[in-house]
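Undergrad: This is query01.cif (mmCIF, C-alpha atoms).
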data_work
#
loop_
_atom_site.group_PDB
_atom_site.id
_atom_site.type_symbol
_atom_site.label_atom_id
_atom_site.label_comp_id
_atom_site.auth_asym_id
_atom_site.auth_seq_id
_atom_site.Cartn_x
_atom_site.Cartn_y
_atom_site.Cartn_z
ATOM 1 C CA MET A 1 10.678 34.269 6.789
ATOM 2 C CA GLY A 2 14.289 33.154 6.412
ATOM 3 C CA ASP A 3 14.028 31.195 9.648
ATOM 4 C CA LEU A 4 10.928 29.392 8.357
ATOM 5 C CA HIS A 5 12.739 28.409 5.166
ATOM 6 C CA ALA A 6 15.695 27.195 7.185
ATOM 7 C CA ILE A 7 13.446 25.078 9.408
ATOM 8 C CA ASN A 8 11.635 23.636 6.398
ATOM 9 C CA ASP A 9 14.938 22.829 4.686
ATOM 10 C CA ALA A 10 16.198 21.115 7.835
ATOM 11 C CA ILE A 11 13.029 19.001 8.075
ATOM 12 C CA ASN A 12 13.254 18.076 4.391
ATOM 13 C CA LYS A 13 16.884 17.026 4.766
ATOM 14 C CA ARG A 14 16.269 14.942 7.871
ATOM 15 C CA ALA A 15 13.068 13.315 6.594
ATOM 16 C CA GLY A 16 14.347 12.706 3.079
ATOM 17 C CA ARG A 17 11.378 14.342 1.349
ATOM 18 C CA LYS A 18 9.765 17.742 0.863
ATOM 19 C CA LEU A 19 7.173 18.314 3.565
ATOM 20 C CA ILE A 20 4.730 20.824 2.050
ATOM 21 C CA PRO A 21 4.265 19.085 -1.344
ATOM 22 C CA SER A 22 3.922 15.796 0.535
ATOM 23 C CA ILE A 23 1.078 17.171 2.666
ATOM 24 C CA LEU A 24 -0.737 18.667 -0.335
ATOM 25 C CA VAL A 25 -0.503 15.430 -2.319
ATOM 26 C CA SER A 26 -1.765 13.436 0.672
ATOM 27 C CA ILE A 27 -4.792 15.724 1.053
ATOM 28 C CA PHE A 28 -5.521 15.441 -2.688
ATOM 29 C CA LEU A 29 -5.377 11.631 -2.587
ATOM 30 C CA LEU A 30 -7.596 11.479 0.507
ATOM 31 C CA ALA A 31 -10.140 13.741 -1.215
ATOM 32 C CA ILE A 32 -10.292 11.380 -4.203
ATOM 33 C CA ILE A 33 -10.574 8.280 -2.004
ATOM 34 C CA PHE A 34 -13.456 9.515 0.119
ATOM 35 C CA SER A 35 -15.310 11.416 -2.604
ATOM 36 C CA THR A 36 -15.355 8.415 -4.950
ATOM 37 C CA ILE A 37 -16.498 5.909 -2.342
ATOM 38 C CA ALA A 38 -19.125 8.351 -1.049
ATOM 39 C CA ILE A 39 -20.565 9.132 -4.499
ATOM 40 C CA ALA A 40 -20.482 5.590 -5.907
ATOM 41 C CA PRO A 41 -18.312 2.647 -4.836
ATOM 42 C CA VAL A 42 -17.703 1.734 -8.483
ATOM 43 C CA LEU A 43 -15.862 5.048 -8.847
ATOM 44 C CA PHE A 44 -13.613 3.954 -6.004
ATOM 45 C CA PHE A 45 -12.985 0.717 -7.897
ATOM 46 C CA GLY A 46 -12.034 2.778 -10.937
ATOM 47 C CA PHE A 47 -9.631 4.866 -8.858
ATOM 48 C CA ILE A 48 -7.948 1.790 -7.362
ATOM 49 C CA TRP A 49 -7.721 0.214 -10.833
ATOM 50 C CA VAL A 50 -5.963 3.306 -12.183
ATOM 51 C CA VAL A 51 -3.601 3.403 -9.196
ATOM 52 C CA ILE A 52 -2.633 -0.240 -9.619
ATOM 53 C CA MET A 53 -2.148 0.146 -13.376
ATOM 54 C CA ILE A 54 0.212 3.053 -12.700
ATOM 55 C CA GLY A 55 1.927 0.954 -10.054
ATOM 56 C CA ILE A 56 2.495 -1.849 -12.556
ATOM 57 C CA ARG A 57 3.928 0.615 -15.052
ATOM 58 C CA GLU A 58 6.271 2.011 -12.394
ATOM 59 C CA ILE A 59 7.507 -1.329 -11.145
ATOM 60 C CA THR A 60 8.002 -2.865 -14.596
ATOM 61 C CA HIS A 61 9.969 0.230 -15.579
ATOM 62 C CA ALA A 62 12.070 -0.187 -12.432
ATOM 63 C CA TYR A 63 12.636 -3.859 -13.229
ATOM 64 C CA ARG A 64 13.748 -2.870 -16.713
ATOM 65 C CA LYS A 65 16.443 -0.682 -15.175
ATOM 66 C CA GLY A 66 17.519 -3.760 -13.226
ATOM 67 C CA GLY A 67 17.841 -5.787 -16.410
ATOM 68 C CA ILE A 68 14.510 -7.670 -16.251
ATOM 69 C CA GLU A 69 12.292 -7.124 -19.300
ATOM 70 C CA LEU A 70 8.581 -7.642 -18.664
ATOM 71 C CA PRO A 71 5.597 -6.941 -20.942
ATOM 72 C CA THR A 72 3.741 -4.209 -19.094
ATOM 73 C CA TYR A 73 0.499 -4.628 -21.032
ATOM 74 C CA VAL A 74 0.327 -8.369 -20.225
ATOM 75 C CA LEU A 75 0.710 -7.684 -16.505
ATOM 76 C CA MET A 76 -1.922 -4.947 -16.711
ATOM 77 C CA ILE A 77 -4.383 -7.353 -18.338
ATOM 78 C CA ALA A 78 -3.704 -10.010 -15.695
ATOM 79 C CA ALA A 79 -4.129 -7.474 -12.897
ATOM 80 C CA SER A 80 -7.332 -6.127 -14.440
ATOM 81 C CA VAL A 81 -8.826 -9.634 -14.575
ATOM 82 C CA LEU A 82 -7.969 -10.136 -10.907
ATOM 83 C CA LEU A 83 -9.389 -6.778 -9.824
ATOM 84 C CA ILE A 84 -12.617 -7.084 -11.826
ATOM 85 C CA SER A 85 -13.141 -10.641 -10.563
ATOM 86 C CA THR A 86 -12.542 -9.508 -6.996
ATOM 87 C CA TRP A 87 -14.992 -6.626 -7.287
ATOM 88 C CA ASN A 88 -17.709 -8.846 -8.732
ATOM 89 C CA GLY A 89 -16.992 -12.164 -7.033
ATOM 90 C CA LYS A 90 -15.505 -10.909 -3.756
ATOM 91 C CA THR A 91 -13.350 -13.450 -1.887
ATOM 92 C CA GLU A 92 -14.204 -16.316 -4.218
ATOM 93 C CA GLY A 93 -13.545 -14.111 -7.241
ATOM 94 C CA LEU A 94 -10.104 -13.166 -5.926
ATOM 95 C CA ALA A 95 -9.158 -16.768 -5.103
ATOM 96 C CA VAL A 96 -10.385 -18.331 -8.355
ATOM 97 C CA SER A 97 -9.024 -15.589 -10.613
ATOM 98 C CA ALA A 98 -5.617 -15.767 -8.913
ATOM 99 C CA GLY A 99 -5.518 -19.537 -9.364
ATOM 100 C CA LEU A 100 -6.345 -19.228 -13.067
ATOM 101 C CA THR A 101 -4.584 -15.998 -14.017
ATOM 102 C CA ILE A 102 -1.110 -16.713 -12.655
ATOM 103 C CA PRO A 103 -0.547 -19.983 -14.595
ATOM 104 C CA ILE A 104 -1.903 -18.353 -17.752
ATOM 105 C CA LEU A 105 0.414 -15.397 -17.179
ATOM 106 C CA MET A 106 3.434 -17.702 -16.858
ATOM 107 C CA PHE A 107 2.518 -19.570 -20.048
ATOM 108 C CA THR A 108 2.021 -16.273 -21.903
ATOM 109 C CA LEU A 109 5.503 -15.160 -20.889
ATOM 110 C CA LEU A 110 6.867 -18.472 -22.160
ATOM 111 C CA LEU A 111 5.175 -17.908 -25.532
ATOM 112 C CA ILE A 112 6.613 -14.399 -25.758
ATOM 113 C CA SER A 113 10.169 -15.537 -25.086
ATOM 114 C CA GLN A 114 12.020 -18.478 -23.556
ATOM 115 C CA LYS A 115 15.030 -16.342 -22.609
ATOM 116 C CA ASP A 116 15.520 -15.864 -18.832
ATOM 117 C CA PHE A 117 12.153 -17.529 -18.256
ATOM 118 C CA ILE A 118 12.672 -18.232 -14.546
ATOM 119 C CA LYS A 119 13.750 -14.661 -13.843
ATOM 120 C CA ARG A 120 10.954 -13.144 -15.923
ATOM 121 C CA SER A 121 8.146 -15.432 -14.755
ATOM 122 C CA THR A 122 8.974 -15.183 -11.059
ATOM 123 C CA SER A 123 9.219 -11.409 -11.381
ATOM 124 C CA ALA A 124 5.872 -11.226 -13.181
ATOM 125 C CA VAL A 125 4.139 -13.464 -10.636
ATOM 126 C CA PHE A 126 5.617 -11.381 -7.812
ATOM 127 C CA ILE A 127 4.337 -8.140 -9.345
ATOM 128 C CA THR A 128 0.888 -9.620 -9.971
ATOM 129 C CA PHE A 129 0.593 -10.928 -6.429
ATOM 130 C CA TYR A 130 2.101 -7.800 -4.880
ATOM 131 C CA LEU A 131 -0.164 -5.335 -6.669
ATOM 132 C CA ALA A 132 -3.290 -7.147 -7.848
ATOM 133 C CA VAL A 133 -3.828 -9.862 -5.230
ATOM 134 C CA LEU A 134 -2.889 -7.753 -2.212
ATOM 135 C CA GLY A 135 -4.582 -4.732 -3.794
ATOM 136 C CA GLY A 136 -7.708 -6.838 -4.202
ATOM 137 C CA PHE A 137 -8.183 -6.745 -0.438
ATOM 138 C CA ILE A 138 -8.656 -2.984 -0.653
ATOM 139 C CA LEU A 139 -11.579 -3.702 -2.972
ATOM 140 C CA LEU A 140 -12.921 -6.376 -0.601
ATOM 141 C CA LEU A 141 -12.980 -3.777 2.175
ATOM 142 C CA ALA A 142 -14.735 -1.242 -0.051
ATOM 143 C CA ASN A 143 -17.289 -3.577 -1.663
ATOM 144 C CA HIS A 144 -19.302 -4.053 1.526
ATOM 145 C CA PRO A 145 -22.366 -2.328 3.030
ATOM 146 C CA ASP A 146 -19.964 -0.641 5.489
ATOM 147 C CA GLY A 147 -17.341 -0.162 2.795
ATOM 148 C CA ALA A 148 -16.823 3.565 3.348
ATOM 149 C CA LEU A 149 -16.271 3.050 7.072
ATOM 150 C CA ARG A 150 -13.917 0.136 6.470
ATOM 151 C CA ILE A 151 -11.822 2.192 4.050
ATOM 152 C CA LEU A 152 -11.865 4.995 6.618
ATOM 153 C CA ALA A 153 -10.492 2.573 9.216
ATOM 154 C CA LEU A 154 -7.748 1.449 6.824
ATOM 155 C CA VAL A 155 -6.802 5.035 5.993
ATOM 156 C CA VAL A 156 -6.801 6.141 9.645
ATOM 157 C CA LEU A 157 -4.558 3.257 10.702
ATOM 158 C CA ILE A 158 -2.062 3.884 7.914
ATOM 159 C CA ALA A 159 -2.169 7.665 8.353
ATOM 160 C CA CYS A 160 -1.606 7.419 12.114
ATOM 161 C CA ASN A 161 1.401 5.197 11.603
ATOM 162 C CA ASP A 162 2.941 7.135 8.699
ATOM 163 C CA THR A 163 2.315 10.621 10.109
ATOM 164 C CA PHE A 164 3.490 10.052 13.658
ATOM 165 C CA ALA A 165 6.373 7.816 12.636
ATOM 166 C CA TYR A 166 7.457 10.685 10.379
ATOM 167 C CA ILE A 167 7.089 13.292 13.143
ATOM 168 C CA ALA A 168 8.822 11.201 15.810
ATOM 169 C CA GLY A 169 11.574 10.235 13.389
ATOM 170 C CA VAL A 170 12.232 13.845 12.404
ATOM 171 C CA LEU A 171 12.161 15.180 15.965
ATOM 172 C CA ILE A 172 13.897 12.485 18.004
ATOM 173 C CA GLY A 173 14.925 9.711 15.608
ATOM 174 C CA LYS A 174 18.464 8.546 16.381
ATOM 175 C CA HIS A 175 18.523 4.753 16.316
ATOM 176 C CA LYS A 176 18.221 3.296 12.809
ATOM 177 C CA LEU A 177 15.562 0.637 12.322
ATOM 178 C CA ALA A 178 16.943 -0.960 9.164
ATOM 179 C CA PRO A 179 19.910 1.115 7.948
ATOM 180 C CA SER A 180 20.809 -1.222 5.097
ATOM 181 C CA ILE A 181 17.257 -1.058 3.682
ATOM 182 C CA SER A 182 15.747 2.297 4.679
ATOM 183 C CA PRO A 183 18.284 4.641 6.339
ATOM 184 C CA LYS A 184 15.672 7.271 7.266
ATOM 185 C CA LYS A 185 13.579 4.921 9.415
ATOM 186 C CA SER A 186 14.243 4.885 13.143
ATOM 187 C CA TRP A 187 13.092 2.939 16.184
ATOM 188 C CA GLU A 188 11.803 6.195 17.649
ATOM 189 C CA GLY A 189 9.672 6.697 14.553
ATOM 190 C CA LEU A 190 8.355 3.151 14.810
ATOM 191 C CA ILE A 191 7.362 3.706 18.439
ATOM 192 C CA GLY A 192 5.732 7.057 17.620
ATOM 193 C CA GLY A 193 3.718 5.468 14.834
ATOM 194 C CA ALA A 194 2.765 2.550 17.069
ATOM 195 C CA VAL A 195 1.441 4.771 19.858
ATOM 196 C CA ALA A 196 -0.657 6.791 17.416
ATOM 197 C CA SER A 197 -1.973 3.722 15.587
ATOM 198 C CA VAL A 198 -2.946 1.960 18.806
ATOM 199 C CA ILE A 199 -4.872 5.025 19.968
ATOM 200 C CA GLY A 200 -6.416 5.584 16.535
ATOM 201 C CA GLY A 201 -7.387 1.924 16.217
ATOM 202 C CA ALA A 202 -8.933 1.858 19.678
ATOM 203 C CA LEU A 203 -11.033 4.957 18.971
ATOM 204 C CA ILE A 204 -12.209 4.160 15.464
ATOM 205 C CA PHE A 205 -13.140 0.536 16.129
ATOM 206 C CA HIS A 206 -14.864 1.349 19.416
ATOM 207 C CA TYR A 207 -16.939 4.278 18.154
ATOM 208 C CA LEU A 208 -17.560 3.308 14.517
ATOM 209 C CA PHE A 209 -17.791 -0.470 14.769
ATOM 210 C CA GLU A 210 -18.852 -0.855 18.429
ATOM 211 C CA VAL A 211 -16.190 -3.356 19.448
ATOM 212 C CA TYR A 212 -14.085 -3.325 22.604
ATOM 213 C CA TRP A 213 -11.413 -0.635 22.548
ATOM 214 C CA PHE A 214 -8.618 -3.111 23.219
ATOM 215 C CA ILE A 215 -9.560 -5.044 20.065
ATOM 216 C CA GLY A 216 -9.177 -1.844 18.059
ATOM 217 C CA ALA A 217 -5.872 -1.185 19.819
ATOM 218 C CA ALA A 218 -4.649 -4.664 18.839
ATOM 219 C CA ILE A 219 -5.673 -4.045 15.230
ATOM 220 C CA GLY A 220 -3.810 -0.725 15.361
ATOM 221 C CA LEU A 221 -0.664 -2.494 16.556
ATOM 222 C CA MET A 222 -1.079 -5.079 13.814
ATOM 223 C CA ALA A 223 -1.352 -2.268 11.249
ATOM 224 C CA VAL A 224 1.948 -0.810 12.447
ATOM 225 C CA ILE A 225 3.660 -4.128 11.768
ATOM 226 C CA THR A 226 2.086 -4.636 8.340
ATOM 227 C CA ALA A 227 2.572 -1.026 7.202
ATOM 228 C CA THR A 228 6.220 -1.054 8.301
ATOM 229 C CA CYS A 229 6.828 -4.396 6.589
ATOM 230 C CA GLY A 230 5.227 -3.098 3.397
ATOM 231 C CA ASP A 231 7.355 0.020 3.456
ATOM 232 C CA LEU A 232 10.563 -1.913 4.122
ATOM 233 C CA ILE A 233 9.850 -4.436 1.362
ATOM 234 C CA GLU A 234 9.238 -1.678 -1.168
ATOM 235 C CA SER A 235 12.476 -0.013 -0.002
ATOM 236 C CA ALA A 236 14.292 -3.326 -0.421
ATOM 237 C CA ILE A 237 12.979 -3.622 -3.992
ATOM 238 C CA LYS A 238 14.242 -0.128 -4.814
ATOM 239 C CA ARG A 239 17.612 -0.793 -3.194
ATOM 240 C CA ASP A 240 17.958 -4.083 -5.047
ATOM 241 C CA LEU A 241 17.208 -2.302 -8.332
ATOM 242 C CA ALA A 242 19.474 0.646 -7.359
ATOM 243 C CA ILE A 243 16.794 3.346 -7.652
ATOM 244 C CA LYS A 244 15.704 6.036 -5.174
ATOM 245 C CA ASP A 245 12.014 6.283 -6.083
ATOM 246 C CA MET A 246 9.759 4.292 -8.387
ATOM 247 C CA SER A 247 8.994 7.563 -10.203
ATOM 248 C CA ASN A 248 8.540 11.285 -9.558
ATOM 249 C CA LEU A 249 4.796 11.292 -10.244
ATOM 250 C CA LEU A 250 3.788 12.514 -6.764
ATOM 251 C CA PRO A 251 5.738 15.550 -5.494
ATOM 252 C CA GLY A 252 7.160 14.924 -2.036
ATOM 253 C CA HIS A 253 6.387 11.207 -2.206
ATOM 254 C CA GLY A 254 7.977 9.735 -5.314
ATOM 255 C CA GLY A 255 5.805 7.325 -7.232
ATOM 256 C CA ILE A 256 2.464 5.656 -6.679
ATOM 257 C CA MET A 257 4.264 2.627 -5.269
ATOM 258 C CA ASP A 258 5.880 4.828 -2.630
ATOM 259 C CA ARG A 259 2.369 5.615 -1.331
ATOM 260 C CA LEU A 260 0.759 2.250 -1.987
ATOM 261 C CA ASP A 261 3.285 0.029 -0.220
ATOM 262 C CA SER A 262 1.811 0.303 3.294
ATOM 263 C CA ALA A 263 -1.778 -0.153 2.097
ATOM 264 C CA LEU A 264 -0.948 -3.304 0.130
ATOM 265 C CA PHE A 265 0.252 -5.078 3.260
ATOM 266 C CA THR A 266 -2.228 -3.564 5.700
ATOM 267 C CA ALA A 267 -5.457 -4.096 3.714
ATOM 268 C CA PRO A 268 -5.385 -7.934 3.940
ATOM 269 C CA ALA A 269 -4.724 -7.759 7.683
ATOM 270 C CA VAL A 270 -7.556 -5.285 8.274
ATOM 271 C CA TRP A 271 -9.912 -7.360 6.095
ATOM 272 C CA PHE A 272 -9.032 -10.447 8.143
ATOM 273 C CA ALA A 273 -9.651 -8.510 11.368
ATOM 274 C CA PHE A 274 -13.138 -7.577 10.176
ATOM 275 C CA GLU A 275 -13.811 -11.211 9.260
ATOM 276 C CA LEU A 276 -12.858 -12.302 12.775
ATOM 277 C CA ILE A 277 -15.008 -9.562 14.310
ATOM 278 C CA ASN A 278 -18.022 -10.570 12.221
ATOM 279 C CA ARG A 279 -17.582 -14.239 13.065
ATOM 280 C CA TYR A 280 -16.876 -14.108 16.782
ATOM 281 C CA LEU A 281 -18.220 -10.781 18.124
#
Would you mind writing the structure in this file as C-alpha cells?
TA:
Amino acid sequence: MGDLHAINDAINKRAGRKLIPSILVSIFLLAIIFSTIAIAPVLFFGFIWVVIMIGIREITHAYRKGGIELPTYVLMIAASVLLISTWNGKTEGLAVSAGLTIPILMFTLLLISQKDFIKRSTSAVFITFYLAVLGGFILLLANHPDGALRILALVVLIACNDTFAYIAGVLIGKHKLAPSISPKKSWEGLIGGAVASVIGGALIFHYLFEVYWFIGAAIGLMAVITATCGDLIESAIKRDLAIKDMSNLLPGHGGIMDRLDSALFTAPAVWFAFELINRYL
C-alpha cells in the first residue's frame, strides 16, 4: 500500500495535479454532458450556460487580482444574450448578437466609469469573445439533429489529446514545449496526444459519420493544435495575472476555465469541419 501511495505521489508531483480526484471529476462532468444531451438538448444548453457563467465569474475574479475591475453581472448578461441567440438563431444568431452585444457592452462600461476605459473595455470584449462567442460553437454542435454524436466527437477528440498527452508527459516527458508559459507541457506529451487524437478522429468520423478515415485523422490532428493552443492561452492568462488556477472549484483540475480552455478553441474548428463535410462530401 505504501508503494502505491509513493507512486501516486510521484505522478501527482510530475503531472502537477492530483490524479484520482481529476479522474473522478472528469467522469462526473462526462456523465452530466451526455445525460443532459440525451434526455433533452435544452438541458445541455442549460449546463453550458451555467459553465460559462461560472467561467466568467472565475476570469473576472482573476482579472480583479491583476488590477482590472470588471462588472461581472454585465458580462454575464452579455454572454447570456449571445448564448440564447446562438441556441435559437444558430449561426446567424451568434453573428448578429455578437455584432450588437459587443458595442453595447463597451458603451455600458463607459457609462459605469470612464477610468481605465481602454483596459477595461478590451478586457471585457476579450472575455465575452473568449467565453460566449467561442462557447457558442459548442451550442451550434449540440443544436443539430446529430447533436449528441457531434458533441461525442468533440469530447473524444479533446479527451484523446488531454489523456494521452498527460500519460506520455508523465512517463517520458523531458523536452519542455513552452517552459515560460506551461512548464509541465512537453513535446513528448504533445506527440502522445497527437497520435491518440489522430487514431480517435479516424475511428469516430469513419464509423459514426461515414467519412473517409483520413479525413477523421486530419480533424484529429487539427484538434490537437486547437486544444493545445487553447490550453497554452489559458496558461498565459494565468501567468500574466500571476495565479496558479482560476479557482479550486474542481478537485484535481482547478477551475472551470482549466477544463473549458481546450473545448473553447476546438469547438469552432470541429464545427467548421462538419460544415465542410456537409458541403463537399
Undergrad: Extract, using all atoms listed in the file, all DNA, RNA and protein residues at most 12 Å from segment 111-115 of chain A, discarding same-chain residues fewer than 4 positions from it, and format them as a ChimeraX atom specification.
TA: /A:68-71,74,104-107,119-121
Undergrad: Which residues are near segment 220-223 of chain A? Cut-off 8 Å, only C-alpha atoms, ignore same chain within fewer than 5 positions. Put them as a list in words.
TA: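 Non-adjacent residues within range: Leu157, Ile158, Asn161, Ala194, Ser197, Val198, Ile199, Gly200, Gly201, Ala202, Thr266, Ala269 and Val270 of chain A.
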Undergrad: Quick one: apply the PyMOL selection byres ((chain A and resi 239) around 12) to the file and drop the selected residues here as a list in words.
TA: Ala62, Tyr63, Gly66, Pro179, Ser180, Ile181, Ser182, Pro183, Leu232, Ile233, Glu234, Ser235, Ala236, Ile237, Lys238, Asp240, Leu241, Ala242, Ile243, Lys244, Asp245 and Met246 of chain A
Undergrad: Which residue gives the smallest distance to Glu92 of chain A among A:Ile225, A:Pro251, A:Lys65, A:Leu140, with only C-alpha atoms counted?
TA: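 Result for the nearest residue to Glu92 of chain A: A:Leu140.
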Undergrad: Quote the spacing between atom CA of Ala40 of chain A and atom CA of Arg150 of chain A in Å to one decimal place.
TA: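 Taking atom CA of Ala40 of chain A as the start and atom CA of Arg150 of chain A as the end point, the length is 15.0 Å.
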Undergrad: Dig up all the protein and nucleic acid residues within 10 Å of (-10.4, -3.4, 21.4) in the file frame, using all atoms listed in the file, and format them as a PyMOL selection string.
TA: chain A and resi 198+201-206+210-220
Undergrad: Output the selection as an mmCIF file, in the coordinates of the input - C-alpha atoms for each residue.
TA:
data_model
loop_
_atom_site.group_PDB
_atom_site.id
_atom_site.type_symbol
_atom_site.label_atom_id
_atom_site.label_comp_id
_atom_site.auth_asym_id
_atom_site.auth_seq_id
_atom_site.Cartn_x
_atom_site.Cartn_y
_atom_site.Cartn_z
ATOM 1 C CA VAL A 198 -2.946 1.960 18.806
ATOM 2 C CA GLY A 201 -7.387 1.924 16.217
ATOM 3 C CA ALA A 202 -8.933 1.858 19.678
ATOM 4 C CA LEU A 203 -11.033 4.957 18.971
ATOM 5 C CA ILE A 204 -12.209 4.160 15.464
ATOM 6 C CA PHE A 205 -13.140 0.536 16.129
ATOM 7 C CA HIS A 206 -14.864 1.349 19.416
ATOM 8 C CA GLU A 210 -18.852 -0.855 18.429
ATOM 9 C CA VAL A 211 -16.190 -3.356 19.448
ATOM 10 C CA TYR A 212 -14.085 -3.325 22.604
ATOM 11 C CA TRP A 213 -11.413 -0.635 22.548
ATOM 12 C CA PHE A 214 -8.618 -3.111 23.219
ATOM 13 C CA ILE A 215 -9.560 -5.044 20.065
ATOM 14 C CA GLY A 216 -9.177 -1.844 18.059
ATOM 15 C CA ALA A 217 -5.872 -1.185 19.819
ATOM 16 C CA ALA A 218 -4.649 -4.664 18.839
ATOM 17 C CA ILE A 219 -5.673 -4.045 15.230
ATOM 18 C CA GLY A 220 -3.810 -0.725 15.361
#
Undergrad: List as JSON lines every residue of segment 190-280 of chain A that is in contact with segment 164-178 of chain A, defined as an atom at most 6 Å from one of its atoms (using all atoms listed in the file), together with the nearest atom pair and the distance in Å rounded to one decimal, sorted by chain and then rising number.
TA:
{"residue": "A:Leu190", "atom": "CA", "partner": "A:Ala165", "partner_atom": "CA", "distance": 5.5}
{"residue": "A:Gly192", "atom": "CA", "partner": "A:Ala165", "partner_atom": "CA", "distance": 5.1}
{"residue": "A:Gly193", "atom": "CA", "partner": "A:Ala165", "partner_atom": "CA", "distance": 4.2}
Undergrad: Keeping only C-alpha atoms, write the selected residues to a file as a CSV table (one decimal), keeping the file's coordinate frame.
TA:
chain,number,residue,atom,x,y,z
A,190,LEU,CA,8.4,3.2,14.8
A,192,GLY,CA,5.7,7.1,17.6
A,193,GLY,CA,3.7,5.5,14.8
Undergrad: Need the shell around Met76 of chain A: protein/DNA/RNA residues with any atom at most 9 Å away, counting all atoms listed in the file. Skip same-chain ones fewer than 5 positions apart. Format as a PDB file with C-alpha atoms, in the coordinates of the input?
TA:
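Result file follows (result.pdb):
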ATOM      1  CA  ILE A  52      -2.633  -0.240  -9.619  1.00  0.00           C
ATOM      2  CA  MET A  53      -2.148   0.146 -13.376  1.00  0.00           C
ATOM      3  CA  ILE A  56       2.495  -1.849 -12.556  1.00  0.00           C
ATOM      4  CA  ARG A  57       3.928   0.615 -15.052  1.00  0.00           C
ATOM      5  CA  PRO A  71       5.597  -6.941 -20.942  1.00  0.00           C
ATOM      6  CA  VAL A  81      -8.826  -9.634 -14.575  1.00  0.00           C
ATOM      7  CA  THR A 128       0.888  -9.620  -9.971  1.00  0.00           C
TER       8      THR A 128
END
Undergrad: Please compute the atom CA of Ile54 of chain A-atom CA of Leu260 of chain A distance, one decimal, in Å.
TA: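 Separating atom CA of Ile54 of chain A from atom CA of Leu260 of chain A is a distance of 10.8 Å.
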Undergrad: State, in Å with one decimal place, the distance from atom CA of Phe34 of chain A to atom CA of His144 of chain A.
TA: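 Between atom CA of Phe34 of chain A and atom CA of His144 of chain A the gap works out to 14.8 Å.
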Undergrad: I'd like the residues picked by the PyMOL selection byres ((chain A and resi 45) around 12) written out as a ChimeraX atom specification, using the chain letters and numbers from the file.
TA: /A:32-34,36-44,46-52,80,83-88,135-143,147
Undergrad: Which neighbours of Leu250 of chain A fall inside 9 Å, counting all atoms listed in the file, when residues of the same chain fewer than 5 positions from it are skipped, and could you give them as a list in words?
TA: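 Counting all atoms listed in the file, the residues come to Pro21, Ser22, Val25, Gly255, Ile256, Asp258 and Arg259 of chain A.
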Undergrad: Quick check on the file I pasted: which residues fall under the PyMOL selection byres ((chain A and resi 129) around 12)? Write them as a ChimeraX atom specification.
TA: /A:52,56,75,78-79,82-83,94-95,97-99,101-102,105,122-128,130-137,264-265
Undergrad: Considering all atoms listed in the file, can you say which of A:Ile151, A:Val224, A:Asn248, A:Leu109 comes closest to Tyr73 of chain A?
TA: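 Counting all atoms listed in the file, the residue closest to Tyr73 of chain A is A:Leu109.
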